[in-house]
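Engineer: Please find work_18.tsv (TSV, C-alpha atoms) on the next line:
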chain	number	residue	atom	x	y	z
A	257	MET	CA	-15.50	15.33	-0.09
A	258	ASP	CA	-15.47	11.54	-0.36
A	259	LYS	CA	-11.77	10.96	-1.00
A	260	ILE	CA	-12.11	7.25	-1.77
A	261	LYS	CA	-14.68	7.95	-4.49
A	262	ALA	CA	-12.42	10.69	-5.89
A	263	ILE	CA	-9.46	8.28	-6.02
A	264	ASP	CA	-11.56	5.71	-7.86
A	265	LYS	CA	-12.88	8.35	-10.26
A	266	ALA	CA	-9.31	9.34	-11.12
A	267	ILE	CA	-8.55	5.72	-12.06
A	268	HIS	CA	-11.72	5.44	-14.13
A	269	ARG	CA	-10.96	8.75	-15.86
A	270	TYR	CA	-7.58	7.42	-16.90
A	271	TYR	CA	-8.98	4.24	-18.42
A	272	ARG	CA	-11.89	6.03	-20.11
A	273	SER	CA	-9.75	8.82	-21.58
A	274	HIS	CA	-7.89	6.67	-24.13
A	275	ASN	CA	-8.96	4.74	-27.17
A	276	VAL	CA	-9.77	1.23	-25.93
A	277	VAL	CA	-7.51	-1.53	-27.24
A	278	SER	CA	-9.06	-4.36	-25.21
A	279	SER	CA	-12.29	-3.90	-23.28
A	280	ASP	CA	-11.73	-7.32	-21.70
A	281	LEU	CA	-8.47	-6.09	-20.18
A	282	ILE	CA	-10.07	-2.92	-18.82
A	283	ASP	CA	-12.95	-4.97	-17.38
A	284	ALA	CA	-10.43	-7.13	-15.51
A	285	ILE	CA	-8.48	-4.10	-14.28
A	286	LEU	CA	-11.58	-2.32	-13.00
A	287	TYR	CA	-12.93	-5.52	-11.42
A	288	SER	CA	-10.02	-5.50	-8.99
A	289	VAL	CA	-10.01	-1.71	-8.59
A	290	GLU	CA	-13.70	-1.82	-7.68
A	291	SER	CA	-13.38	-4.74	-5.27
A	292	GLY	CA	-13.23	-2.42	-2.28
A	293	GLY	CA	-10.47	-1.90	0.25
A	294	LYS	CA	-9.71	0.97	2.58
A	295	ARG	CA	-7.35	2.76	0.16
A	296	ILE	CA	-4.94	3.19	3.06
A	297	ARG	CA	-1.89	4.18	0.98
A	298	PRO	CA	-3.52	6.93	-1.11
A	299	MET	CA	-5.49	8.15	1.90
A	300	ILE	CA	-2.23	8.58	3.82
A	301	LEU	CA	-0.94	10.77	0.99
A	302	LEU	CA	-4.07	12.92	0.90
A	303	ASP	CA	-4.31	13.27	4.69
A	304	LEU	CA	-0.66	14.36	4.84
A	305	LEU	CA	-1.12	16.94	2.09
A	306	GLU	CA	-4.03	18.45	3.98
A	307	GLY	CA	-1.95	18.31	7.15
A	308	PHE	CA	0.61	20.54	5.40
A	309	GLY	CA	-2.17	22.99	4.56
A	310	LEU	CA	-2.66	22.13	0.87
A	311	GLU	CA	-6.09	22.22	-0.72
A	312	LEU	CA	-6.52	18.95	-2.60
A	313	THR	CA	-6.56	19.18	-6.41
A	314	ALA	CA	-7.17	16.76	-9.28
A	315	ALA	CA	-3.38	16.34	-9.58
A	316	HIS	CA	-3.15	15.13	-5.98
A	317	PHE	CA	-5.87	12.59	-6.62
A	318	ASP	CA	-4.02	11.45	-9.76
A	319	VAL	CA	-0.92	10.67	-7.69
A	320	ALA	CA	-3.02	8.95	-5.04
A	321	ALA	CA	-4.76	6.93	-7.74
A	322	ALA	CA	-1.45	5.91	-9.31
A	323	LEU	CA	-0.30	4.56	-5.96
A	324	GLU	CA	-3.52	2.57	-5.58
A	325	MET	CA	-3.06	1.19	-9.09
A	326	VAL	CA	0.36	-0.22	-8.18
A	327	HIS	CA	-1.01	-1.69	-4.96
A	328	THR	CA	-3.98	-3.27	-6.74
A	329	GLY	CA	-1.70	-4.74	-9.40
A	330	SER	CA	0.46	-6.26	-6.67
A	331	LEU	CA	-2.59	-7.91	-5.09
A	332	ILE	CA	-3.66	-9.42	-8.41
A	333	HIS	CA	-0.21	-10.96	-8.88
A	334	ASP	CA	0.14	-11.94	-5.21
A	335	ASP	CA	-3.02	-14.07	-5.46
A	336	LEU	CA	-1.87	-16.03	-8.53
A	337	PRO	CA	-1.33	-19.81	-8.22
A	338	ALA	CA	2.42	-19.38	-8.66
A	339	MET	CA	2.52	-16.93	-5.75
A	340	ASP	CA	0.14	-17.12	-2.74
A	341	ASN	CA	-2.55	-19.04	-4.65
A	342	ASP	CA	-5.66	-17.49	-3.10
A	343	ASP	CA	-9.24	-17.73	-4.32
A	344	TYR	CA	-10.57	-14.62	-2.57
A	345	ARG	CA	-9.49	-11.03	-2.10
A	346	ARG	CA	-11.55	-8.39	-0.27
A	347	GLY	CA	-14.40	-10.90	-0.05
A	348	ARG	CA	-14.62	-11.48	-3.81
A	349	LEU	CA	-13.13	-13.99	-6.20
A	350	THR	CA	-9.57	-13.12	-7.06
A	351	ASN	CA	-8.89	-11.80	-10.55
A	352	HIS	CA	-7.57	-15.07	-11.95
A	353	LYS	CA	-10.63	-16.91	-10.58
A	354	GLN	CA	-13.08	-14.37	-11.97
A	355	PHE	CA	-11.35	-14.31	-15.36
A	356	ASP	CA	-8.27	-16.49	-15.98
A	357	GLU	CA	-4.57	-16.51	-15.13
A	358	ALA	CA	-3.38	-14.85	-18.34
A	359	THR	CA	-5.90	-12.03	-17.97
A	360	ALA	CA	-4.92	-11.53	-14.31
A	361	ILE	CA	-1.22	-11.33	-15.19
A	362	LEU	CA	-1.91	-8.76	-17.89
A	363	ALA	CA	-4.23	-6.74	-15.65
A	364	GLY	CA	-1.50	-6.55	-13.03
A	365	ASP	CA	1.08	-5.60	-15.67
A	366	SER	CA	-1.18	-2.81	-16.91
A	367	LEU	CA	-1.74	-1.36	-13.46
A	368	PHE	CA	2.00	-1.29	-12.74
A	369	LEU	CA	2.84	0.46	-16.01
A	370	ASP	CA	-0.17	2.76	-16.26
A	371	ALA	CA	0.53	4.31	-12.85
A	372	THR	CA	3.52	6.16	-14.28
A	373	GLY	CA	1.44	7.40	-17.19
A	374	LEU	CA	-1.14	8.82	-14.79
A	375	ILE	CA	1.48	10.70	-12.75
A	376	ALA	CA	3.10	12.00	-15.95
A	377	ARG	CA	-0.08	13.83	-16.94
A	378	ALA	CA	-0.81	15.24	-13.48
A	379	ASP	CA	-0.84	19.04	-13.23
A	380	LEU	CA	2.30	19.35	-11.09
A	381	ASP	CA	5.76	20.82	-11.55
A	382	VAL	CA	7.82	18.66	-13.90
A	383	THR	CA	10.59	18.23	-11.33
A	384	ILE	CA	8.11	17.00	-8.72
A	385	LYS	CA	6.56	14.56	-11.20
A	386	LEU	CA	9.97	13.14	-12.11
A	387	ASP	CA	10.82	12.70	-8.42
A	388	LEU	CA	7.47	11.01	-7.77
A	389	MET	CA	7.89	8.61	-10.69
A	390	GLN	CA	11.45	7.75	-9.65
A	391	HIS	CA	10.43	7.06	-6.05
A	392	LEU	CA	7.36	5.05	-7.03
A	393	SER	CA	9.46	2.92	-9.37
A	394	HIS	CA	12.07	2.34	-6.67
A	395	CYS	CA	9.52	1.51	-3.96
A	396	SER	CA	7.50	-0.87	-6.13
A	397	GLY	CA	10.13	-2.57	-8.28
A	398	THR	CA	13.29	-4.63	-8.01
A	399	PHE	CA	14.66	-2.66	-5.08
A	400	GLY	CA	11.39	-2.57	-3.15
A	401	MET	CA	8.11	-4.46	-3.28
A	402	VAL	CA	8.98	-6.93	-6.05
A	403	GLY	CA	12.36	-7.67	-4.52
A	404	GLY	CA	10.69	-8.31	-1.17
A	405	GLN	CA	8.15	-10.62	-2.81
A	406	MET	CA	11.02	-12.66	-4.24
A	407	LEU	CA	12.59	-12.98	-0.78
A	408	ASP	CA	9.18	-13.99	0.60
A	409	MET	CA	8.76	-16.77	-1.95
A	410	LYS	CA	12.27	-18.07	-1.41
A	411	GLY	CA	11.68	-18.09	2.35
A	412	GLU	CA	8.61	-20.35	2.27
A	413	GLY	CA	9.10	-23.54	4.25
A	414	LYS	CA	12.35	-22.28	5.79
A	415	SER	CA	13.20	-21.25	9.34
A	416	LEU	CA	14.03	-17.56	9.00
A	417	THR	CA	15.50	-15.24	11.59
A	418	LEU	CA	13.69	-12.13	12.76
A	419	ASP	CA	16.15	-10.00	10.79
A	420	GLN	CA	15.35	-11.95	7.62
A	421	VAL	CA	11.60	-11.58	8.16
A	422	GLN	CA	12.00	-7.86	8.78
A	423	LEU	CA	14.02	-7.50	5.56
A	424	ILE	CA	11.32	-9.29	3.57
A	425	HIS	CA	8.52	-7.15	4.91
A	426	ALA	CA	10.44	-3.87	4.86
A	427	ASN	CA	10.51	-4.37	1.09
A	428	LYS	CA	7.44	-6.44	0.23
A	429	THR	CA	5.03	-4.37	2.33
A	430	GLY	CA	6.99	-1.47	3.75
A	431	THR	CA	8.34	0.39	0.75
A	432	LEU	CA	4.96	1.00	-0.87
A	433	LEU	CA	3.76	2.37	2.46
A	434	VAL	CA	6.80	4.65	2.67
A	435	PHE	CA	6.00	6.17	-0.73
A	436	PRO	CA	2.93	8.25	0.27
A	437	PHE	CA	4.89	9.82	3.12
A	438	MET	CA	7.79	10.81	0.87
A	439	ALA	CA	5.43	11.86	-1.92
A	440	ALA	CA	3.53	14.18	0.40
A	441	GLY	CA	6.78	15.84	1.43
A	442	LEU	CA	7.81	16.33	-2.18
A	443	ILE	CA	4.45	17.71	-3.31
A	444	ALA	CA	4.22	20.01	-0.29
A	445	LYS	CA	7.81	21.18	-0.97
A	446	GLN	CA	9.06	20.35	2.50
A	447	THR	CA	12.69	20.47	3.61
A	448	ASP	CA	14.96	17.45	3.35
A	449	ALA	CA	14.85	17.13	7.15
A	450	VAL	CA	11.05	16.91	7.18
A	451	ILE	CA	11.05	14.42	4.29
A	452	ARG	CA	13.48	12.23	6.26
A	453	GLN	CA	11.09	12.34	9.21
A	454	LEU	CA	8.22	11.39	6.93
A	455	GLU	CA	10.22	8.49	5.50
A	456	GLN	CA	10.96	7.21	9.02
A	457	ALA	CA	7.28	7.44	9.93
A	458	GLY	CA	6.46	5.52	6.75
A	459	ARG	CA	8.87	2.74	7.68
A	460	LEU	CA	7.32	2.44	11.12
A	461	ILE	CA	3.82	2.30	9.64
A	462	GLY	CA	5.02	-0.29	7.12
A	463	GLN	CA	6.32	-2.51	9.91
A	464	ALA	CA	3.16	-2.02	11.95
A	465	PHE	CA	0.99	-2.85	8.97
A	466	GLN	CA	2.79	-6.15	8.37
A	467	VAL	CA	2.80	-7.17	12.04
A	468	ARG	CA	-0.92	-6.40	12.17
A	469	ASP	CA	-1.52	-8.46	9.02
A	470	ASP	CA	0.40	-11.40	10.50
A	471	ILE	CA	-1.61	-11.18	13.74
A	472	LEU	CA	-4.93	-11.06	11.88
A	473	ASP	CA	-3.92	-14.02	9.70
A	474	VAL	CA	-3.99	-16.25	12.78
A	475	THR	CA	-6.71	-14.53	14.83
A	476	ALA	CA	-9.37	-13.31	12.37
A	477	ASP	CA	-11.94	-15.14	10.23
A	478	PHE	CA	-12.76	-14.90	6.52
A	479	GLU	CA	-15.47	-12.28	7.05
A	480	THR	CA	-13.01	-9.99	8.82
A	481	LEU	CA	-10.11	-10.54	6.43
A	482	GLY	CA	-11.96	-10.80	3.13
A	483	LYS	CA	-9.48	-13.54	2.21
A	484	THR	CA	-8.53	-17.00	3.39
A	485	PRO	CA	-7.16	-16.99	6.97
A	486	ASN	CA	-4.08	-18.97	8.06
A	487	LYS	CA	-2.58	-18.71	4.58
A	488	ASP	CA	0.89	-17.92	5.94
A	489	LEU	CA	0.77	-20.91	8.27
A	490	THR	CA	-0.31	-23.21	5.44
A	491	ALA	CA	2.45	-21.86	3.17
A	492	GLY	CA	5.08	-22.44	5.85
A	493	LYS	CA	6.02	-18.76	6.08
A	494	SER	CA	7.95	-17.27	8.96
A	495	THR	CA	5.79	-14.55	10.51
A	496	TYR	CA	6.02	-12.25	13.52
A	497	PRO	CA	3.63	-14.40	15.63
A	498	ALA	CA	5.51	-17.55	14.64
A	499	LEU	CA	8.84	-16.05	15.69
A	500	LEU	CA	7.81	-13.83	18.61
A	501	GLY	CA	4.47	-15.18	19.78
A	502	LEU	CA	1.25	-13.16	19.77
A	503	ASP	CA	1.93	-11.11	22.90
A	504	GLN	CA	5.29	-9.84	21.67
A	505	SER	CA	3.83	-9.23	18.20
A	506	TYR	CA	1.17	-6.99	19.74
A	507	ALA	CA	3.95	-5.16	21.61
A	508	VAL	CA	5.93	-4.57	18.39
A	509	LEU	CA	2.79	-3.27	16.70
A	510	GLU	CA	2.01	-0.85	19.51
A	511	ASP	CA	5.60	0.41	19.73
A	512	SER	CA	5.79	1.06	15.97
A	513	LEU	CA	2.54	3.02	16.01
A	514	ASN	CA	3.54	5.01	19.08
A	515	GLN	CA	6.87	5.99	17.49
A	516	ALA	CA	5.12	7.11	14.30
A	517	ILE	CA	2.65	9.25	16.26
A	518	ALA	CA	5.54	10.84	18.15
A	519	ILE	CA	7.11	11.91	14.84
A	520	PHE	CA	3.93	13.69	13.77
A	521	GLN	CA	3.53	15.32	17.15
A	522	GLU	CA	7.05	16.72	16.77
A	523	MET	CA	6.28	17.89	13.23
A	524	ALA	CA	3.19	19.67	14.55
A	525	ARG	CA	5.45	21.68	16.85
A	526	LYS	CA	8.20	22.43	14.34
A	527	ALA	CA	6.76	22.33	10.80
A	528	SER	CA	3.27	23.86	11.08
A	529	PHE	CA	1.76	20.44	10.44
A	530	LYS	CA	-1.78	19.48	11.47
A	531	PRO	CA	-1.54	15.84	12.60
A	532	ASP	CA	-5.15	15.01	13.49
A	533	ALA	CA	-6.12	13.07	10.35
A	534	ILE	CA	-2.93	11.03	10.05
A	535	VAL	CA	-2.87	10.25	13.78
A	536	ALA	CA	-6.50	9.06	13.56
A	537	MET	CA	-5.50	6.75	10.69
A	538	ILE	CA	-2.57	5.38	12.71
A	539	GLU	CA	-4.83	4.75	15.70
A	540	ARG	CA	-7.13	2.64	13.52
A	541	LEU	CA	-4.23	0.26	12.89
A	542	ARG	CA	-4.13	-0.80	16.51
A	543	CYS	CA	-5.10	-4.43	17.01
A	544	HIS	CA	-5.80	-5.15	20.67
A	545	ALA	CA	-5.36	-8.61	22.08
Go ahead and express the file in the form of structure tokens.
Structural biologist:
Amino acid sequence: MDKIKAIDKAIHRYYRSHNVVSSDLIDAILYSVESGGKRIRPMILLDLLEGFGLELTAAHFDVAAALEMVHTGSLIHDDLPAMDNDDYRRGRLTNHKQFDEATAILAGDSLFLDATGLIARADLDVTIKLDLMQHLSHCSGTFGMVGGQMLDMKGEGKSLTLDQVQLIHANKTGTLLVFPFMAAGLIAKQTDAVIRQLEQAGRLIGQAFQVRDDILDVTADFETLGKTPNKDLTAGKSTYPALLGLDQSYAVLEDSLNQAIAIFQEMARKASFKPDAIVAMIERLRCHA
């Protein structure tokens, strides 16, 4: 099964299953959905569910798709002139450059709000759906991603401490990466202890993901990134390489990934979990000097 295609089909199903109010809005939404990307967050969810022995269903793909919708909406807004002001995302024109700023804002708004609607109609226990919606709201909103984005904007041009940078990224990037780990535990009906382990693994992956992104911003080219390199440097942002240097940043990345793998190896021994797929995903995040 091609999981990425199944995730994208779930998003398309959602937008094709209602009476269309504005085809222009849906065109803008699907433009960004279809712009590519590795679908790391929803793939984490699906790999974990299979690791717990579940056979993937349409409901699981609905939850995975909802997560990708929130992430895609955040990228549309992140690229706006008032935010990071970027012309390219995943090698294509950003939404506001392809269409216009107002359309991009509304497309992002739709993706944030529609994600809850997609989870609500998923064929899962009502209690699980309520938990998933509550956690997704918390991870993506004021007390997670959006709150972290606000801290990031306020920190531009300032000399931040490592603790301040970690707080920004634990929220701006980290919380939406924690969600698929917690969601998998909830859907697979794992114990509170296992869900806490999953949450810790998610936080480690979130930190690793941001450190890796910071490293690539100063070491990779446009073809590799699919977006403008050195954007953080130009914006005067405090990053892991700026604070720690590249060598120490690589060390933080490696340590975070190693700790996450250790959690899944322990779960394999104690919770009948098959770690191969998630460990392979974690290994792909390594970024050797």
Engineer: So the first atom is CA of Gln420 (chain A) and the second is CA of Arg345 (chain A); what is the distance between them in Å, to one decimal place?
Structural biologist: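 Separating CA of Gln420 (chain A) from CA of Arg345 (chain A) is a distance of 26.7 Å.
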Engineer: Tell me, as a ChimeraX atom specification, which residues lie within 12 Å of Gln390 (chain A), counting only C-alpha atoms; anything in the same chain fewer than 4 positions away does not count.
Structural biologist: /A:371-372,375-376,383-386,394-397,399,435,438-439,442
Engineer: So that I can see what lies close to Gly458 (chain A), please list as a ChimeraX atom specification the residues with an atom at most 7 Å from it, counting all atoms listed in the file and leaving out residues fewer than 4 positions away in the same chain.
Structural biologist: /A:433-434,437,454,462
Engineer: What separation in Å, quoted to one decimal, exists between CA of Gly430 (chain A) and CA of Ile461 (chain A)?
Structural biologist: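 Atom-to-atom, CA of Gly430 (chain A) to CA of Ile461 (chain A), that is 7.7 Å.
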Engineer: Could you tell me which of A:Val326, A:Met523, A:Ala464, A:Leu380 comes closest to Ala449 (chain A) if we count all atoms listed in the file?
Structural biologist: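 For Ala449 (chain A), the nearest of the given residues is A:Met523.
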Engineer: List every protein, DNA or RNA residue that has at least one atom no more than 10 Å from (-14.5, -2.5, -3.3) in the file's coordinates, counting only C-alpha atoms, and write the result as a PyMOL selection string.
Structural biologist: chain A and resi 264+287-295+345-348
Engineer: Can I get the selection written as a CSV table (one decimal), in the coordinates of the input, with C-alpha atoms?
Structural biologist:
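Ended up saving to part36.csv:
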chain,number,residue,atom,x,y,z
A,264,ASP,CA,-11.6,5.7,-7.9
A,287,TYR,CA,-12.9,-5.5,-11.4
A,288,SER,CA,-10.0,-5.5,-9.0
A,289,VAL,CA,-10.0,-1.7,-8.6
A,290,GLU,CA,-13.7,-1.8,-7.7
A,291,SER,CA,-13.4,-4.7,-5.3
A,292,GLY,CA,-13.2,-2.4,-2.3
A,293,GLY,CA,-10.5,-1.9,0.2
A,294,LYS,CA,-9.7,1.0,2.6
A,295,ARG,CA,-7.4,2.8,0.2
A,345,ARG,CA,-9.5,-11.0,-2.1
A,346,ARG,CA,-11.6,-8.4,-0.3
A,347,GLY,CA,-14.4,-10.9,0.0
A,348,ARG,CA,-14.6,-11.5,-3.8
Engineer: Applying 10 Å and all atoms listed in the file, which residues near Lys414 (chain A) remain after dropping the ones on its own chain fewer than 3 positions away? List them as a PyMOL selection string.
Structural biologist: chain A and resi 410-411+417+492-494
Engineer: Keeping only C-alpha atoms, write the selected residues to a file as a PDB file, keeping the file's coordinate frame.
Structural biologist:
ATOM      1  CA  LYS A 410      12.270 -18.070  -1.410  1.00  0.00           C
ATOM      2  CA  GLY A 411      11.680 -18.090   2.350  1.00  0.00           C
ATOM      3  CA  THR A 417      15.500 -15.240  11.590  1.00  0.00           C
ATOM      4  CA  GLY A 492       5.080 -22.440   5.850  1.00  0.00           C
ATOM      5  CA  LYS A 493       6.020 -18.760   6.080  1.00  0.00           C
ATOM      6  CA  SER A 494       7.950 -17.270   8.960  1.00  0.00           C
TER       7      SER A 494
END
Engineer: Counting all atoms listed in the file, figure out which residue out of A:Leu336, A:Arg377, A:Thr429, A:Arg468 gets nearest to Ser273 (chain A).
Structural biologist: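 When distances to Ser273 (chain A) are compared using all atoms listed in the file, the smallest one comes from A:Arg377.
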Engineer: Give me, please, the distance in Å between CA of Leu323 (chain A) and CA of Arg297 (chain A), quoted to one decimal.
Structural biologist: 7.1 Å
Engineer: Looking at A:His352, A:Lys259, A:His333, A:His391, which one is nearest to Gly364 (chain A), with distances taken over only C-alpha atoms?
Structural biologist: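 Answer, going by the shortest atom-to-atom distance: A:His333.
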Engineer: Of the residues A:Leu369, A:Arg542, A:Ala440, A:Ile282, which is the one nearest to Arg452 (chain A), using all atoms listed in the file?
Structural biologist: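 Going through A:Leu369, A:Arg542, A:Ala440, A:Ile282 one by one, the smallest distance to Arg452 (chain A) is for A:Ala440.
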Engineer: Go through A:Asp532, A:Asp356, A:Glu412, A:Asp342 and flag the residue nearest Thr495 (chain A), using all atoms listed in the file for the distances.
Structural biologist: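 Of all the options, A:Glu412 lies closest to Thr495 (chain A).
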Engineer: I'd like the contact shell of Gly329 (chain A) - 8 Å cut-off, all atoms listed in the file, skipping same-chain residues fewer than 2 positions apart - returned as a list of chain:residue names.
Structural biologist: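 Near Gly329 (chain A), the qualifying residues are A:Met325, A:Val326, A:His327, A:Leu331, A:Ile332, A:His333, A:Ala363, A:Gly364, A:Asp365, A:Ser366, A:Leu367, A:Phe368.
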Engineer: So that I can see what lies close to Ile267 (chain A), please list as a PDB file with C-alpha atoms, keeping the file's coordinate frame the residues with an atom at most 9 Å from it, counting all atoms listed in the file and leaving out residues fewer than 3 positions away in the same chain.
Structural biologist:
ATOM      1  CA  ALA A 262     -12.420  10.690  -5.890  1.00  0.00           C
ATOM      2  CA  ILE A 263      -9.460   8.280  -6.020  1.00  0.00           C
ATOM      3  CA  ASP A 264     -11.560   5.710  -7.860  1.00  0.00           C
ATOM      4  CA  TYR A 270      -7.580   7.420 -16.900  1.00  0.00           C
ATOM      5  CA  TYR A 271      -8.980   4.240 -18.420  1.00  0.00           C
ATOM      6  CA  ARG A 272     -11.890   6.030 -20.110  1.00  0.00           C
ATOM      7  CA  LEU A 286     -11.580  -2.320 -13.000  1.00  0.00           C
ATOM      8  CA  VAL A 289     -10.010  -1.710  -8.590  1.00  0.00           C
ATOM      9  CA  ASP A 318      -4.020  11.450  -9.760  1.00  0.00           C
ATOM     10  CA  ALA A 321      -4.760   6.930  -7.740  1.00  0.00           C
ATOM     11  CA  ALA A 322      -1.450   5.910  -9.310  1.00  0.00           C
ATOM     12  CA  GLU A 324      -3.520   2.570  -5.580  1.00  0.00           C
ATOM     13  CA  MET A 325      -3.060   1.190  -9.090  1.00  0.00           C
ATOM     14  CA  LEU A 374      -1.140   8.820 -14.790  1.00  0.00           C
TER      15      LEU A 374
END
Engineer: Between A:Met339, A:Val319, A:Ala426, A:Ala516, which has the minimum distance to Gly373 (chain A) (counting all atoms listed in the file)?
Structural biologist: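 Selected residue with least distance to Gly373 (chain A): A:Val319.
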